[in-house]
>>> print(open('protein-v7.cif').read())   # mmCIF, N, CA, C and O atoms
data_run
#
loop_
_atom_site.label_atom_id
_atom_site.label_comp_id
_atom_site.auth_asym_id
_atom_site.auth_seq_id
_atom_site.Cartn_x
_atom_site.Cartn_y
_atom_site.Cartn_z
N MET A 1 183.38 103.73 55.99
CA MET A 1 182.03 103.40 55.59
C MET A 1 181.49 104.41 54.58
O MET A 1 180.61 104.10 53.82
N SER A 2 182.02 105.61 54.59
CA SER A 2 181.46 106.65 53.74
C SER A 2 182.07 106.70 52.35
O SER A 2 181.67 107.54 51.54
N VAL A 3 182.97 105.81 52.01
CA VAL A 3 183.60 105.82 50.69
C VAL A 3 182.58 105.69 49.56
O VAL A 3 182.64 106.45 48.59
N PRO A 4 181.60 104.78 49.63
CA PRO A 4 180.63 104.72 48.53
C PRO A 4 179.79 105.98 48.40
O PRO A 4 179.38 106.35 47.31
N LEU A 5 179.54 106.66 49.52
CA LEU A 5 178.78 107.90 49.44
C LEU A 5 179.59 108.98 48.75
O LEU A 5 179.05 109.83 48.04
N LEU A 6 180.91 108.97 48.95
CA LEU A 6 181.77 109.91 48.25
C LEU A 6 181.80 109.62 46.75
O LEU A 6 182.06 110.50 45.94
N LEU A 7 181.53 108.38 46.37
CA LEU A 7 181.52 107.98 44.97
C LEU A 7 180.09 107.90 44.41
O LEU A 7 179.85 107.21 43.43
N SER A 8 179.15 108.61 45.02
CA SER A 8 177.74 108.50 44.65
C SER A 8 177.48 108.85 43.19
O SER A 8 176.71 108.18 42.51
N TYR A 9 178.11 109.91 42.70
CA TYR A 9 177.91 110.27 41.29
C TYR A 9 178.42 109.18 40.36
O TYR A 9 177.80 108.87 39.35
N ASN A 10 179.56 108.60 40.70
CA ASN A 10 180.12 107.54 39.85
C ASN A 10 179.26 106.28 39.89
O ASN A 10 179.11 105.60 38.87
N ILE A 11 178.72 105.95 41.05
CA ILE A 11 177.86 104.77 41.14
C ILE A 11 176.54 105.03 40.41
O ILE A 11 176.04 104.16 39.70
N LYS A 12 176.00 106.24 40.55
CA LYS A 12 174.73 106.56 39.90
C LYS A 12 174.87 106.54 38.37
O LYS A 12 173.99 106.04 37.67
N ASP A 13 175.97 107.07 37.86
CA ASP A 13 176.18 107.11 36.41
C ASP A 13 176.83 105.84 35.87
O ASP A 13 177.13 105.78 34.68
N GLN A 14 177.08 104.87 36.71
CA GLN A 14 177.68 103.58 36.36
C GLN A 14 178.99 103.76 35.61
O GLN A 14 179.20 103.20 34.54
N LYS A 15 179.89 104.56 36.17
CA LYS A 15 181.20 104.77 35.57
C LYS A 15 182.24 103.78 36.08
O LYS A 15 183.42 103.98 35.89
N PHE A 16 181.79 102.75 36.75
CA PHE A 16 182.68 101.70 37.22
C PHE A 16 182.56 100.50 36.30
O PHE A 16 181.56 100.32 35.62
N PRO A 17 183.58 99.65 36.29
CA PRO A 17 183.49 98.45 35.44
C PRO A 17 182.33 97.56 35.89
O PRO A 17 181.94 97.56 37.04
N GLN A 18 181.80 96.86 34.96
CA GLN A 18 180.72 95.93 35.25
C GLN A 18 181.28 94.73 36.02
O GLN A 18 182.47 94.48 36.04
N GLY A 19 180.39 94.02 36.65
CA GLY A 19 180.80 92.81 37.34
C GLY A 19 180.93 92.99 38.84
O GLY A 19 180.23 93.79 39.46
N LEU A 20 181.85 92.25 39.42
CA LEU A 20 182.00 92.23 40.87
C LEU A 20 182.40 93.57 41.48
O LEU A 20 181.88 93.91 42.55
N PRO A 21 183.31 94.35 40.89
CA PRO A 21 183.63 95.64 41.52
C PRO A 21 182.41 96.56 41.63
O PRO A 21 182.19 97.20 42.65
N TYR A 22 181.59 96.61 40.58
CA TYR A 22 180.40 97.44 40.63
C TYR A 22 179.41 96.89 41.65
O TYR A 22 178.81 97.65 42.42
N LEU A 23 179.23 95.59 41.67
CA LEU A 23 178.30 94.96 42.60
C LEU A 23 178.73 95.21 44.05
O LEU A 23 177.91 95.55 44.90
N PHE A 24 180.03 95.09 44.29
CA PHE A 24 180.57 95.33 45.63
C PHE A 24 180.31 96.77 46.06
O PHE A 24 179.80 97.02 47.16
N LEU A 25 180.64 97.74 45.21
CA LEU A 25 180.42 99.15 45.55
C LEU A 25 178.94 99.49 45.67
O LEU A 25 178.55 100.30 46.52
N TYR A 26 178.12 98.89 44.85
CA TYR A 26 176.68 99.18 44.89
C TYR A 26 176.08 98.73 46.21
O TYR A 26 175.37 99.48 46.87
N PHE A 27 176.36 97.50 46.63
CA PHE A 27 175.79 97.01 47.88
C PHE A 27 176.44 97.66 49.10
O PHE A 27 175.77 97.90 50.11
N TRP A 28 177.72 97.99 49.02
CA TRP A 28 178.37 98.73 50.09
C TRP A 28 177.73 100.12 50.20
O TRP A 28 177.51 100.64 51.29
N GLY A 29 177.40 100.71 49.06
CA GLY A 29 176.74 102.00 49.05
C GLY A 29 175.35 101.93 49.67
O GLY A 29 174.95 102.83 50.41
N LEU A 30 174.61 100.88 49.37
CA LEU A 30 173.29 100.71 49.98
C LEU A 30 173.39 100.59 51.49
O LEU A 30 172.60 101.17 52.23
N LEU A 31 174.37 99.85 51.97
CA LEU A 31 174.57 99.70 53.41
C LEU A 31 175.01 101.01 54.05
O LEU A 31 174.53 101.38 55.12
N SER A 32 175.89 101.72 53.38
CA SER A 32 176.43 102.95 53.96
C SER A 32 175.40 104.07 54.03
O SER A 32 175.56 105.00 54.83
N VAL A 33 174.35 104.01 53.21
CA VAL A 33 173.29 105.03 53.28
C VAL A 33 172.66 105.02 54.67
O VAL A 33 172.30 106.07 55.21
N PHE A 34 172.54 103.85 55.27
CA PHE A 34 171.91 103.74 56.59
C PHE A 34 172.92 103.82 57.74
O PHE A 34 172.60 104.32 58.81
N VAL A 35 174.12 103.33 57.53
CA VAL A 35 175.10 103.24 58.60
C VAL A 35 175.87 104.55 58.80
O VAL A 35 176.16 104.93 59.94
N THR A 36 176.18 105.27 57.74
CA THR A 36 176.98 106.49 57.85
C THR A 36 176.33 107.56 58.72
O THR A 36 177.02 108.16 59.54
N PRO A 37 175.02 107.84 58.61
CA PRO A 37 174.44 108.84 59.52
C PRO A 37 174.53 108.43 60.99
O PRO A 37 174.78 109.28 61.85
N VAL A 38 174.38 107.15 61.27
CA VAL A 38 174.49 106.68 62.65
C VAL A 38 175.92 106.86 63.15
O VAL A 38 176.15 107.36 64.26
N LEU A 39 176.89 106.49 62.33
CA LEU A 39 178.29 106.66 62.71
C LEU A 39 178.65 108.14 62.84
O LEU A 39 179.47 108.51 63.68
N LEU A 40 178.05 108.97 62.03
CA LEU A 40 178.30 110.41 62.11
C LEU A 40 177.80 110.98 63.44
O LEU A 40 178.50 111.77 64.08
N VAL A 41 176.63 110.57 63.87
CA VAL A 41 176.10 111.02 65.17
C VAL A 41 176.98 110.53 66.31
O VAL A 41 177.30 111.29 67.23
N VAL A 42 177.39 109.27 66.25
CA VAL A 42 178.28 108.73 67.29
C VAL A 42 179.60 109.48 67.30
O VAL A 42 180.15 109.79 68.37
N SER A 43 180.11 109.81 66.14
CA SER A 43 181.38 110.52 66.05
C SER A 43 181.27 111.94 66.61
O SER A 43 182.18 112.42 67.29
N VAL A 44 180.16 112.60 66.34
CA VAL A 44 179.95 113.94 66.91
C VAL A 44 179.87 113.87 68.42
O VAL A 44 180.47 114.69 69.14
N MET A 45 179.15 112.87 68.95
CA MET A 45 179.05 112.72 70.41
C MET A 45 180.41 112.42 71.02
O MET A 45 180.76 112.94 72.08
N THR A 46 181.20 111.58 70.35
CA THR A 46 182.55 111.27 70.83
C THR A 46 183.44 112.50 70.80
O THR A 46 184.22 112.73 71.73
N THR A 47 183.34 113.29 69.75
CA THR A 47 184.13 114.52 69.66
C THR A 47 183.78 115.48 70.78
O THR A 47 184.68 116.08 71.39
N ILE A 48 182.50 115.63 71.07
CA ILE A 48 182.09 116.50 72.18
C ILE A 48 182.61 115.97 73.50
O ILE A 48 183.10 116.74 74.34
N ARG A 49 182.56 114.67 73.68
CA ARG A 49 183.05 114.07 74.93
C ARG A 49 184.56 114.27 75.08
O ARG A 49 185.05 114.56 76.16
N ILE A 50 185.30 114.13 73.99
CA ILE A 50 186.75 114.35 74.04
C ILE A 50 187.04 115.81 74.33
O ILE A 50 187.93 116.14 75.12
N PHE A 51 186.29 116.72 73.71
CA PHE A 51 186.50 118.15 73.92
C PHE A 51 186.25 118.55 75.36
O PHE A 51 186.94 119.41 75.91
N MET A 52 185.28 117.91 76.00
CA MET A 52 184.93 118.26 77.38
C MET A 52 185.71 117.46 78.42
O MET A 52 185.52 117.68 79.61
N SER A 53 186.59 116.56 77.99
CA SER A 53 187.33 115.74 78.95
C SER A 53 188.32 116.59 79.73
O SER A 53 188.79 117.62 79.27
N SER A 54 188.66 116.12 80.92
CA SER A 54 189.58 116.87 81.78
C SER A 54 191.03 116.48 81.57
O SER A 54 191.92 117.09 82.14
N ASN A 55 191.29 115.48 80.72
CA ASN A 55 192.65 115.02 80.46
C ASN A 55 193.16 115.68 79.18
O ASN A 55 192.89 115.20 78.08
N PRO A 56 193.94 116.76 79.29
CA PRO A 56 194.37 117.47 78.08
C PRO A 56 195.54 116.82 77.35
O PRO A 56 195.89 117.25 76.26
N SER A 57 196.14 115.77 77.89
CA SER A 57 197.34 115.20 77.27
C SER A 57 197.06 114.55 75.92
O SER A 57 197.82 114.70 74.98
N ASN A 58 195.99 113.80 75.79
CA ASN A 58 195.65 113.12 74.53
C ASN A 58 194.55 113.82 73.77
O ASN A 58 194.10 113.34 72.74
N ARG A 59 194.09 114.95 74.26
CA ARG A 59 192.92 115.60 73.70
C ARG A 59 193.16 116.09 72.27
O ARG A 59 192.33 115.87 71.39
N SER A 60 194.27 116.73 72.00
CA SER A 60 194.47 117.34 70.68
C SER A 60 194.53 116.31 69.56
O SER A 60 193.94 116.50 68.50
N SER A 61 195.24 115.23 69.78
CA SER A 61 195.35 114.20 68.74
C SER A 61 194.01 113.51 68.50
O SER A 61 193.59 113.34 67.36
N SER A 62 193.34 113.11 69.57
CA SER A 62 192.05 112.44 69.43
C SER A 62 191.01 113.38 68.84
O SER A 62 190.19 112.97 68.01
N LEU A 63 191.05 114.62 69.26
CA LEU A 63 190.09 115.60 68.74
C LEU A 63 190.31 115.83 67.25
O LEU A 63 189.35 115.90 66.47
N ALA A 64 191.55 115.90 66.82
CA ALA A 64 191.85 116.10 65.40
C ALA A 64 191.35 114.93 64.55
O ALA A 64 190.75 115.13 63.49
N TRP A 65 191.59 113.70 65.01
CA TRP A 65 191.13 112.53 64.25
C TRP A 65 189.61 112.47 64.19
O TRP A 65 189.03 112.13 63.15
N ASN A 66 188.95 112.76 65.30
CA ASN A 66 187.49 112.71 65.30
C ASN A 66 186.89 113.81 64.44
O ASN A 66 185.90 113.59 63.74
N LEU A 67 187.47 115.01 64.48
CA LEU A 67 186.98 116.09 63.62
C LEU A 67 187.20 115.76 62.15
O LEU A 67 186.36 116.11 61.30
N CYS A 68 188.28 115.10 61.84
CA CYS A 68 188.54 114.66 60.46
C CYS A 68 187.47 113.65 60.02
O CYS A 68 186.95 113.74 58.90
N GLY A 69 187.14 112.72 60.89
CA GLY A 69 186.09 111.75 60.58
C GLY A 69 184.73 112.39 60.41
O GLY A 69 183.96 112.02 59.52
N VAL A 70 184.42 113.37 61.25
CA VAL A 70 183.15 114.09 61.13
C VAL A 70 183.11 114.84 59.81
O VAL A 70 182.09 114.82 59.10
N LEU A 71 184.20 115.48 59.44
CA LEU A 71 184.26 116.22 58.18
C LEU A 71 184.04 115.30 56.98
O LEU A 71 183.27 115.61 56.07
N VAL A 72 184.70 114.15 56.97
CA VAL A 72 184.54 113.19 55.87
C VAL A 72 183.10 112.68 55.81
O VAL A 72 182.51 112.57 54.73
N GLY A 73 182.51 112.40 56.97
CA GLY A 73 181.12 111.94 57.00
C GLY A 73 180.15 112.97 56.50
O GLY A 73 179.22 112.67 55.73
N VAL A 74 180.34 114.23 56.88
CA VAL A 74 179.45 115.29 56.43
C VAL A 74 179.60 115.51 54.93
O VAL A 74 178.60 115.65 54.21
N VAL A 75 180.83 115.53 54.44
CA VAL A 75 181.05 115.70 52.99
C VAL A 75 180.42 114.54 52.22
O VAL A 75 179.78 114.74 51.18
N ALA A 76 180.56 113.32 52.72
CA ALA A 76 179.96 112.16 52.06
C ALA A 76 178.44 112.27 52.02
O ALA A 76 177.82 111.97 51.00
N GLU A 77 177.83 112.72 53.11
CA GLU A 77 176.39 112.86 53.13
C GLU A 77 175.92 113.96 52.17
O GLU A 77 174.91 113.80 51.48
N VAL A 78 176.66 115.07 52.10
CA VAL A 78 176.30 116.15 51.18
C VAL A 78 176.39 115.68 49.73
O VAL A 78 175.51 115.94 48.92
N ILE A 79 177.45 114.95 49.40
CA ILE A 79 177.60 114.43 48.04
C ILE A 79 176.50 113.44 47.72
O ILE A 79 175.93 113.45 46.62
N PHE A 80 176.16 112.58 48.66
CA PHE A 80 175.10 111.60 48.44
C PHE A 80 173.76 112.29 48.20
O PHE A 80 173.02 111.93 47.27
N ILE A 81 173.44 113.29 49.01
CA ILE A 81 172.17 114.00 48.85
C ILE A 81 172.14 114.75 47.52
O ILE A 81 171.12 114.76 46.82
N ALA A 82 173.26 115.36 47.15
CA ALA A 82 173.32 116.06 45.87
C ALA A 82 173.18 115.09 44.70
O ALA A 82 172.50 115.39 43.71
N ALA A 83 173.80 113.92 44.78
CA ALA A 83 173.69 112.93 43.71
C ALA A 83 172.29 112.36 43.64
O ALA A 83 171.76 112.12 42.54
N ARG A 84 171.67 112.18 44.77
CA ARG A 84 170.31 111.62 44.79
C ARG A 84 169.31 112.60 44.19
O ARG A 84 168.37 112.20 43.50
N ASN A 85 169.51 113.90 44.44
CA ASN A 85 168.56 114.90 43.96
C ASN A 85 168.90 115.42 42.56
O ASN A 85 168.12 116.21 42.01
N SER A 86 170.00 115.00 41.97
CA SER A 86 170.35 115.47 40.64
C SER A 86 169.56 114.70 39.58
O SER A 86 169.11 113.59 39.81
N LEU A 87 169.43 115.33 38.44
CA LEU A 87 168.72 114.68 37.34
C LEU A 87 169.58 113.58 36.74
O LEU A 87 170.80 113.70 36.69
N PRO A 88 168.95 112.52 36.25
CA PRO A 88 169.74 111.42 35.66
C PRO A 88 170.41 111.78 34.37
O PRO A 88 170.20 112.66 33.71
#
>>> encode(input="protein-v7.cif", output="structure tokens")
Amino acid sequence: MSVPLLLSYNIKDQKFPQGLPYLFLYFWGLLSVFVTPVLLVVSVMTTIRIFMSSNPSNRSSSLAWNLCGVLVGVVAEVIFIAARNSLP
């Protein structure tokens, strides 16, 4: 969901081809502005729950994937905020 936020500078500067690809990324980006923070909070809660679980057999793999998702979500949000606050 955070892919359009990672491409925020490119979407803002319209460096994508015109037509359907741009339209698809633009509307996906609008949706991801609202959905990505919610998914990020859910992912952080899931990561905490996995970290505190008593079953250590699957903990490391699940914890690594969730931390990777949290990292991508945070980076996407930082890029989006930086692109939004930058001058045109």
>>> residues_near_point(input="protein-v7.cif", point="(188.4, 115.4, 71.2)", cutoff="6 Å", atoms="only N, CA, C and O atoms", output="list of chain:residue names")
A:Thr46, A:Thr47, A:Ile48, A:Arg49, A:Ile50, A:Phe51, A:Arg59, A:Ser62, A:Leu63, A:Ala64
>>> atom_distance(input="protein-v7.cif", atom1="CA of Met1 in chain A", atom2="CA of Lys15 in chain A")
20.1 Å
>>> residues_around(input="protein-v7.cif", residues="Ile11 in chain A", least_positions_apart="4", cutoff="10 Å", atoms="only C-alpha atoms", output="tab-separated table (two decimals) with N, CA, C and O atoms, in the frame of the given file")
chain	number	residue	atom	x	y	z
A	4	PRO	N	181.60	104.78	49.63
A	4	PRO	CA	180.63	104.72	48.53
A	4	PRO	C	179.79	105.98	48.40
A	4	PRO	O	179.38	106.35	47.31
A	5	LEU	N	179.54	106.66	49.52
A	5	LEU	CA	178.78	107.90	49.44
A	5	LEU	C	179.59	108.98	48.75
A	5	LEU	O	179.05	109.83	48.04
A	6	LEU	N	180.91	108.97	48.95
A	6	LEU	CA	181.77	109.91	48.25
A	6	LEU	C	181.80	109.62	46.75
A	6	LEU	O	182.06	110.50	45.94
A	7	LEU	N	181.53	108.38	46.37
A	7	LEU	CA	181.52	107.98	44.97
A	7	LEU	C	180.09	107.90	44.41
A	7	LEU	O	179.85	107.21	43.43
A	15	LYS	N	179.89	104.56	36.17
A	15	LYS	CA	181.20	104.77	35.57
A	15	LYS	C	182.24	103.78	36.08
A	15	LYS	O	183.42	103.98	35.89
A	16	PHE	N	181.79	102.75	36.75
A	16	PHE	CA	182.68	101.70	37.22
A	16	PHE	C	182.56	100.50	36.30
A	16	PHE	O	181.56	100.32	35.62
A	22	TYR	N	181.59	96.61	40.58
A	22	TYR	CA	180.40	97.44	40.63
A	22	TYR	C	179.41	96.89	41.65
A	22	TYR	O	178.81	97.65	42.42
A	23	LEU	N	179.23	95.59	41.67
A	23	LEU	CA	178.30	94.96	42.60
A	23	LEU	C	178.73	95.21	44.05
A	23	LEU	O	177.91	95.55	44.90
A	25	LEU	N	180.64	97.74	45.21
A	25	LEU	CA	180.42	99.15	45.55
A	25	LEU	C	178.94	99.49	45.67
A	25	LEU	O	178.55	100.30	46.52
A	26	TYR	N	178.12	98.89	44.85
A	26	TYR	CA	176.68	99.18	44.89
A	26	TYR	C	176.08	98.73	46.21
A	26	TYR	O	175.37	99.48	46.87
A	29	GLY	N	177.40	100.71	49.06
A	29	GLY	CA	176.74	102.00	49.05
A	29	GLY	C	175.35	101.93	49.67
A	29	GLY	O	174.95	102.83	50.41
A	83	ALA	N	173.80	113.92	44.78
A	83	ALA	CA	173.69	112.93	43.71
A	83	ALA	C	172.29	112.36	43.64
A	83	ALA	O	171.76	112.12	42.54
>>> resolve_selection(input="protein-v7.cif", expression="the PyMOL selection byres (((chain A and resi 84 and name CA) around 12) and name CA)", output="compact mmCIF listing (two decimals) with N, CA, C and O atoms, keeping the file's coordinate frame")
# COMPACT_ATOMS: atom_id res chain seq x y z
N LEU A 5 179.54 106.66 49.52
CA LEU A 5 178.78 107.90 49.44
C LEU A 5 179.59 108.98 48.75
O LEU A 5 179.05 109.83 48.04
N LEU A 7 181.53 108.38 46.37
CA LEU A 7 181.52 107.98 44.97
C LEU A 7 180.09 107.90 44.41
O LEU A 7 179.85 107.21 43.43
N SER A 8 179.15 108.61 45.02
CA SER A 8 177.74 108.50 44.65
C SER A 8 177.48 108.85 43.19
O SER A 8 176.71 108.18 42.51
N TYR A 9 178.11 109.91 42.70
CA TYR A 9 177.91 110.27 41.29
C TYR A 9 178.42 109.18 40.36
O TYR A 9 177.80 108.87 39.35
N ASN A 10 179.56 108.60 40.70
CA ASN A 10 180.12 107.54 39.85
C ASN A 10 179.26 106.28 39.89
O ASN A 10 179.11 105.60 38.87
N ILE A 11 178.72 105.95 41.05
CA ILE A 11 177.86 104.77 41.14
C ILE A 11 176.54 105.03 40.41
O ILE A 11 176.04 104.16 39.70
N LYS A 12 176.00 106.24 40.55
CA LYS A 12 174.73 106.56 39.90
C LYS A 12 174.87 106.54 38.37
O LYS A 12 173.99 106.04 37.67
N ASP A 13 175.97 107.07 37.86
CA ASP A 13 176.18 107.11 36.41
C ASP A 13 176.83 105.84 35.87
O ASP A 13 177.13 105.78 34.68
N VAL A 33 174.35 104.01 53.21
CA VAL A 33 173.29 105.03 53.28
C VAL A 33 172.66 105.02 54.67
O VAL A 33 172.30 106.07 55.21
N GLU A 77 177.83 112.72 53.11
CA GLU A 77 176.39 112.86 53.13
C GLU A 77 175.92 113.96 52.17
O GLU A 77 174.91 113.80 51.48
N VAL A 78 176.66 115.07 52.10
CA VAL A 78 176.30 116.15 51.18
C VAL A 78 176.39 115.68 49.73
O VAL A 78 175.51 115.94 48.92
N ILE A 79 177.45 114.95 49.40
CA ILE A 79 177.60 114.43 48.04
C ILE A 79 176.50 113.44 47.72
O ILE A 79 175.93 113.45 46.62
N PHE A 80 176.16 112.58 48.66
CA PHE A 80 175.10 111.60 48.44
C PHE A 80 173.76 112.29 48.20
O PHE A 80 173.02 111.93 47.27
N ILE A 81 173.44 113.29 49.01
CA ILE A 81 172.17 114.00 48.85
C ILE A 81 172.14 114.75 47.52
O ILE A 81 171.12 114.76 46.82
N ALA A 82 173.26 115.36 47.15
CA ALA A 82 173.32 116.06 45.87
C ALA A 82 173.18 115.09 44.70
O ALA A 82 172.50 115.39 43.71
N ALA A 83 173.80 113.92 44.78
CA ALA A 83 173.69 112.93 43.71
C ALA A 83 172.29 112.36 43.64
O ALA A 83 171.76 112.12 42.54
N ASN A 85 169.51 113.90 44.44
CA ASN A 85 168.56 114.90 43.96
C ASN A 85 168.90 115.42 42.56
O ASN A 85 168.12 116.21 42.01
N SER A 86 170.00 115.00 41.97
CA SER A 86 170.35 115.47 40.64
C SER A 86 169.56 114.70 39.58
O SER A 86 169.11 113.59 39.81
N LEU A 87 169.43 115.33 38.44
CA LEU A 87 168.72 114.68 37.34
C LEU A 87 169.58 113.58 36.74
O LEU A 87 170.80 113.70 36.69
N PRO A 88 168.95 112.52 36.25
CA PRO A 88 169.74 111.42 35.66
C PRO A 88 170.41 111.78 34.37
O PRO A 88 170.20 112.66 33.71
>>> select_by_dssp(input="protein-v7.cif", residues="chain A", states="helix (DSSP H, G or I)", output="VMD selection string")
chain A and resid 3 to 6 8 to 12 20 to 51 59 to 85
>>> atom_distance(input="protein-v7.cif", atom1="atom C of Met45 in chain A", atom2="atom O of Ala76 in chain A")
20.2 Å
>>> decode(input="protein-v7.cif", residues="range 49-57 of chain A", atoms="all heavy atoms", output="short mmCIF file (atom, residue, chain, number, x, y, z; two decimals), in the first residue's frame")
data_model
loop_
_atom_site.label_atom_id
_atom_site.label_comp_id
_atom_site.auth_asym_id
_atom_site.auth_seq_id
_atom_site.Cartn_x
_atom_site.Cartn_y
_atom_site.Cartn_z
N ARG A 49 3.01 -7.66 19.67
CA ARG A 49 2.37 -8.91 20.10
C ARG A 49 3.24 -10.12 19.79
O ARG A 49 3.36 -11.04 20.59
CB ARG A 49 1.01 -9.05 19.43
CG ARG A 49 0.23 -10.20 19.93
CD ARG A 49 -1.16 -10.18 19.42
NE ARG A 49 -1.84 -11.36 19.90
CZ ARG A 49 -3.12 -11.55 19.82
NH1 ARG A 49 -3.87 -10.64 19.27
NH2 ARG A 49 -3.65 -12.65 20.27
N ILE A 50 3.89 -10.12 18.62
CA ILE A 50 4.79 -11.22 18.27
C ILE A 50 6.00 -11.22 19.20
O ILE A 50 6.44 -12.27 19.65
CB ILE A 50 5.24 -11.11 16.79
CG1 ILE A 50 4.08 -11.42 15.87
CG2 ILE A 50 6.40 -12.04 16.51
CD1 ILE A 50 4.37 -11.11 14.42
N PHE A 51 6.53 -10.04 19.51
CA PHE A 51 7.70 -9.95 20.38
C PHE A 51 7.39 -10.46 21.78
O PHE A 51 8.24 -11.09 22.42
CB PHE A 51 8.18 -8.50 20.45
CG PHE A 51 9.42 -8.32 21.25
CD1 PHE A 51 10.64 -8.74 20.77
CD2 PHE A 51 9.37 -7.73 22.51
CE1 PHE A 51 11.80 -8.59 21.51
CE2 PHE A 51 10.51 -7.56 23.26
CZ PHE A 51 11.73 -8.00 22.76
N MET A 52 6.17 -10.24 22.25
CA MET A 52 5.80 -10.65 23.60
C MET A 52 5.22 -12.06 23.66
O MET A 52 4.89 -12.53 24.75
CB MET A 52 4.80 -9.65 24.19
CG MET A 52 5.39 -8.25 24.31
SD MET A 52 4.25 -7.08 24.97
CE MET A 52 4.30 -7.56 26.68
N SER A 53 5.11 -12.74 22.52
CA SER A 53 4.51 -14.08 22.53
C SER A 53 5.43 -15.07 23.23
O SER A 53 6.65 -14.90 23.29
CB SER A 53 4.23 -14.55 21.11
OG SER A 53 5.41 -14.93 20.47
N SER A 54 4.83 -16.14 23.75
CA SER A 54 5.60 -17.14 24.48
C SER A 54 6.12 -18.25 23.59
O SER A 54 6.86 -19.11 24.04
CB SER A 54 4.73 -17.73 25.59
OG SER A 54 3.60 -18.35 25.01
N ASN A 55 5.75 -18.24 22.31
CA ASN A 55 6.17 -19.28 21.37
C ASN A 55 7.39 -18.78 20.59
O ASN A 55 7.24 -18.07 19.60
CB ASN A 55 5.02 -19.62 20.42
CG ASN A 55 5.36 -20.78 19.51
OD1 ASN A 55 6.42 -21.38 19.62
ND2 ASN A 55 4.45 -21.07 18.61
N PRO A 56 8.60 -19.16 21.00
CA PRO A 56 9.79 -18.62 20.33
C PRO A 56 10.14 -19.30 19.00
O PRO A 56 11.02 -18.84 18.30
CB PRO A 56 10.90 -18.88 21.35
CG PRO A 56 10.44 -20.07 22.11
CD PRO A 56 8.94 -19.98 22.14
N SER A 57 9.43 -20.35 18.61
CA SER A 57 9.81 -21.09 17.40
C SER A 57 9.61 -20.27 16.13
O SER A 57 10.44 -20.29 15.24
CB SER A 57 9.04 -22.40 17.33
OG SER A 57 7.66 -22.13 17.20
#
